[in-house]
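Student: Below is the structure I would like to discuss, written out as structure tokens.
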Amino acid sequence: MLMESEPGITKELGLGEVVSKTFNLCRRNFLRYTVLFLAVEIVIGLASVWAYNSFPIAALPVGATYQDALNRLANVVYLVAAVGIVSLVFGTIAYGSTIKMASEEVENEPVELGAAVRFAASKIIWVWALGIIVGIIVGLGLIALIVPGIILGIMFSLSFQALLIENAGVIGSLGRSRELVGHRWLKTFVVLLVFVIIVGIAAGIVSAISAPFGYWSQLVSSVLSSFYQPILPVATTVYFYSNRARISPAQPGPGQATTSVVIPPPGAKFCPNCGVQLASSATFCSKCGAKQPA
């Protein structure tokens, strides 16, 4: 059975509408998102197993030498680097693919997982560059004072959508995000906070469910976390379109009627009976035949 297309976003959405739209999109593409994030978790898990076997971190024995301590430290660095690089690459691709698929759904275009993954992979360098810049700016704001860091985080919260959806470029995406969030600072903060809380609650539930599985708890947690990981990128994509509709109302598509206002010239004459415009010298109305006042 074919699903009906999800209506696009043609106006600014309220908080409840953003939440509803987000979960509708997640539900409609549940299998795609789950497969995507589950594959990422499996790759990261396999990379972790390989790294732990390749760079074992055993407790230092009594009487260990300075060289033993250096070797252990080196193994820790290699382990963290190996797992971190794999997580960064595949996590970025998953995040970008989710934004791409959510964007296609909002715009009523065909949603293809493979095409979204290839698109996200082609943009990974630019996403990393943007992430580094945003991270530095927000990080400095948090170090200086907490509030400026939060404000900067809100300001650039839609920059990845601007980069991947509008191809605005790294620097242009920062300005575009600021433009979209402008005059909606508090609303943006509340929207982000709501979804962070939702994801946090979901993570807590997954942690509680997976804890009793002991050795297999990490695997269970990885599988279950793939259910909620798409929520935040989908939500920010929905909010991106909501703000874009607010500052750039949708134009009528092909075949849609447009309404224009015609301003009559000065001294124009109109029939008092039917309202049709007449020549200034007309004695009778050309439409209804009513006699015109002198």
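Chain labels follow the order of the structure tokens: the first chain is A, the next B, and so on; residue numbering restarts at 1 in every chain, and ligands are counted from 1 in their shown order.
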Which residues come within 8 Å of Pro233 in chain A, counting only C-alpha atoms, excluding same-chain residues fewer than 5 positions away, as a PyMOL selection string?

Tutor: chain A and resi 95+98-99

Student: At what distance in Å, to one decimal, does CA of Ile93 in chain A lie from CA of Val223 in chain A?

Tutor: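 Taking CA of Val223 in chain A as the start and CA of Ile93 in chain A as the end point, the length is 17.9 Å.
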
Student: Ranking A:Leu224, A:Gly114, A:Phe30, A:Gly149 by minimum distance to Ile209 in chain A and counting only C-alpha atoms, which one comes first?

Tutor: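 Distance minimum relative to Ile209 in chain A lands on A:Leu224.
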
Student: Can you list, as a ChimeraX atom specification, every protein, DNA or RNA residue that comes within 12 Å of Leu163 in chain A when you count only C-alpha atoms, leaving out same-chain residues fewer than 5 positions away?

Tutor: /A:96,99-100,120,123-131,156-158,168-177,237,240

Student: Near Phe23 in chain A, counting only C-alpha atoms, which residues have an atom at most 9 Å away, once you skip same-chain residues fewer than 6 positions from it, shown as JSON, numbers by chain?

Tutor: {"A": [231, 234, 235]}

Student: Go through A:Trp216, A:Trp50, A:Tyr66, A:Tyr33 and flag the residue nearest Ala82 in chain A, using only C-alpha atoms for the distances.

Tutor: A:Trp50

Student: To one decimal in Å, tell me the separation between CA of Gln161 in chain A and CA of Thr34 in chain A.

Tutor: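 Atom-to-atom, CA of Gln161 in chain A and CA of Thr34 in chain A are spaced 20.6 Å apart.
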
Student: Give the answer as one residue: which of A:Ser122, A:Gln67, A:Asn75, A:Ser210 has the shortest atom-to-atom distance to Tyr52 in chain A, using only C-alpha atoms?

Tutor: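 Of A:Ser122, A:Gln67, A:Asn75, A:Ser210, the one nearest Tyr52 in chain A is A:Asn75, counting only C-alpha atoms.
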
Student: Can you pull out every residue within 12 Å of Arg32 in chain A, counting only C-alpha atoms, but drop anything in the same chain fewer than 6 positions away, and send it as a PDB file with N, CA and C atoms, in the first residue's frame?

Tutor:
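Writing done, so here's out.pdb:
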ATOM      1  N   LEU A  25       7.618  12.386  10.170  1.00  0.00           N
ATOM      2  CA  LEU A  25       8.693  12.062   9.230  1.00  0.00           C
ATOM      3  C   LEU A  25       9.505  10.866   9.710  1.00  0.00           C
ATOM      4  N   CYS A  26       9.784  10.820  11.021  1.00  0.00           N
ATOM      5  CA  CYS A  26      10.527   9.684  11.573  1.00  0.00           C
ATOM      6  C   CYS A  26       9.737   8.386  11.391  1.00  0.00           C
ATOM      7  N   LEU A  38      21.770   1.909  12.488  1.00  0.00           N
ATOM      8  CA  LEU A  38      22.191   0.591  12.947  1.00  0.00           C
ATOM      9  C   LEU A  38      23.464   0.162  12.241  1.00  0.00           C
ATOM     10  N   ALA A  39      23.559   0.431  10.933  1.00  0.00           N
ATOM     11  CA  ALA A  39      24.776   0.109  10.183  1.00  0.00           C
ATOM     12  C   ALA A  39      25.969   0.876  10.747  1.00  0.00           C
ATOM     13  N   ALA A  94      25.931   9.600   8.590  1.00  0.00           N
ATOM     14  CA  ALA A  94      24.571   9.283   9.046  1.00  0.00           C
ATOM     15  C   ALA A  94      23.780  10.551   9.318  1.00  0.00           C
ATOM     16  N   SER A  97      23.028  12.284   5.975  1.00  0.00           N
ATOM     17  CA  SER A  97      22.044  11.506   5.214  1.00  0.00           C
ATOM     18  C   SER A  97      20.640  11.712   5.767  1.00  0.00           C
ATOM     19  N   THR A  98      20.530  11.790   7.073  1.00  0.00           N
ATOM     20  CA  THR A  98      19.228  12.009   7.707  1.00  0.00           C
ATOM     21  C   THR A  98      18.657  13.367   7.330  1.00  0.00           C
ATOM     22  N   MET A 101      17.459  13.123   3.662  1.00  0.00           N
ATOM     23  CA  MET A 101      16.210  12.388   3.487  1.00  0.00           C
ATOM     24  C   MET A 101      15.018  13.161   4.050  1.00  0.00           C
ATOM     25  N   ALA A 102      15.204  13.817   5.208  1.00  0.00           N
ATOM     26  CA  ALA A 102      14.126  14.623   5.780  1.00  0.00           C
ATOM     27  C   ALA A 102      13.779  15.784   4.852  1.00  0.00           C
ATOM     28  N   VAL A 111      12.537   9.702  -1.718  1.00  0.00           N
ATOM     29  CA  VAL A 111      13.508   9.515  -0.638  1.00  0.00           C
ATOM     30  C   VAL A 111      14.276   8.223  -0.900  1.00  0.00           C
ATOM     31  N   GLU A 112      15.572   8.343  -1.129  1.00  0.00           N
ATOM     32  CA  GLU A 112      16.413   7.192  -1.417  1.00  0.00           C
ATOM     33  C   GLU A 112      17.588   7.168  -0.450  1.00  0.00           C
ATOM     34  N   LEU A 113      17.699   6.089   0.301  1.00  0.00           N
ATOM     35  CA  LEU A 113      18.749   5.972   1.308  1.00  0.00           C
ATOM     36  C   LEU A 113      20.133   5.986   0.667  1.00  0.00           C
ATOM     37  N   GLY A 114      20.324   5.185  -0.379  1.00  0.00           N
ATOM     38  CA  GLY A 114      21.632   5.114  -1.023  1.00  0.00           C
ATOM     39  C   GLY A 114      22.088   6.454  -1.566  1.00  0.00           C
ATOM     40  N   ALA A 115      21.172   7.167  -2.236  1.00  0.00           N
ATOM     41  CA  ALA A 115      21.521   8.476  -2.791  1.00  0.00           C
ATOM     42  C   ALA A 115      21.843   9.474  -1.680  1.00  0.00           C
ATOM     43  N   ALA A 116      21.111   9.407  -0.562  1.00  0.00           N
ATOM     44  CA  ALA A 116      21.360  10.308   0.561  1.00  0.00           C
ATOM     45  C   ALA A 116      22.729  10.056   1.177  1.00  0.00           C
ATOM     46  N   VAL A 117      23.105   8.785   1.299  1.00  0.00           N
ATOM     47  CA  VAL A 117      24.413   8.436   1.864  1.00  0.00           C
ATOM     48  C   VAL A 117      25.527   8.941   0.953  1.00  0.00           C
ATOM     49  N   SER A 226      19.611   3.262  17.749  1.00  0.00           N
ATOM     50  CA  SER A 226      19.360   3.619  16.350  1.00  0.00           C
ATOM     51  C   SER A 226      17.916   4.057  16.135  1.00  0.00           C
ATOM     52  N   PHE A 227      17.033   3.765  17.104  1.00  0.00           N
ATOM     53  CA  PHE A 227      15.628   4.167  16.993  1.00  0.00           C
ATOM     54  C   PHE A 227      15.437   5.664  17.250  1.00  0.00           C
ATOM     55  N   PRO A 230      17.868   9.470  14.922  1.00  0.00           N
ATOM     56  CA  PRO A 230      17.458  10.384  13.837  1.00  0.00           C
ATOM     57  C   PRO A 230      16.612  11.567  14.306  1.00  0.00           C
TER      58      PRO A 230
END

Student: Nearest to Val238 in chain A among A:Val43, A:Ile198, A:Ile205, A:Leu192, with distances taken over only C-alpha atoms: which residue is it?

Tutor: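 Checking each of A:Val43, A:Ile198, A:Ile205, A:Leu192 against Val238 in chain A, counting only C-alpha atoms, the winner is A:Leu192.
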
Student: Measure the distance from CA of Ile133 in chain A to CA of Asn167 in chain A in Å and round it to one decimal.

Tutor: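 CA of Asn167 in chain A lies 16.8 Å from CA of Ile133 in chain A.
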
Student: Identify, on the basis of only C-alpha atoms, every residue whose closest approach to Asn53 in chain A does not exceed 12 Å; exclude the query and any residue fewer than 5 positions from it along the same chain; express the result as a PyMOL selection string.

Tutor: chain A and resi 46-48+58+75-76+78-79+82

Student: Please return as a ChimeraX atom specification: the residues of range 176-239 of chain A that backbone DSSP assigns to alpha helix (DSSP H).

Tutor: /A:176-181,185-210,217-225,231-239
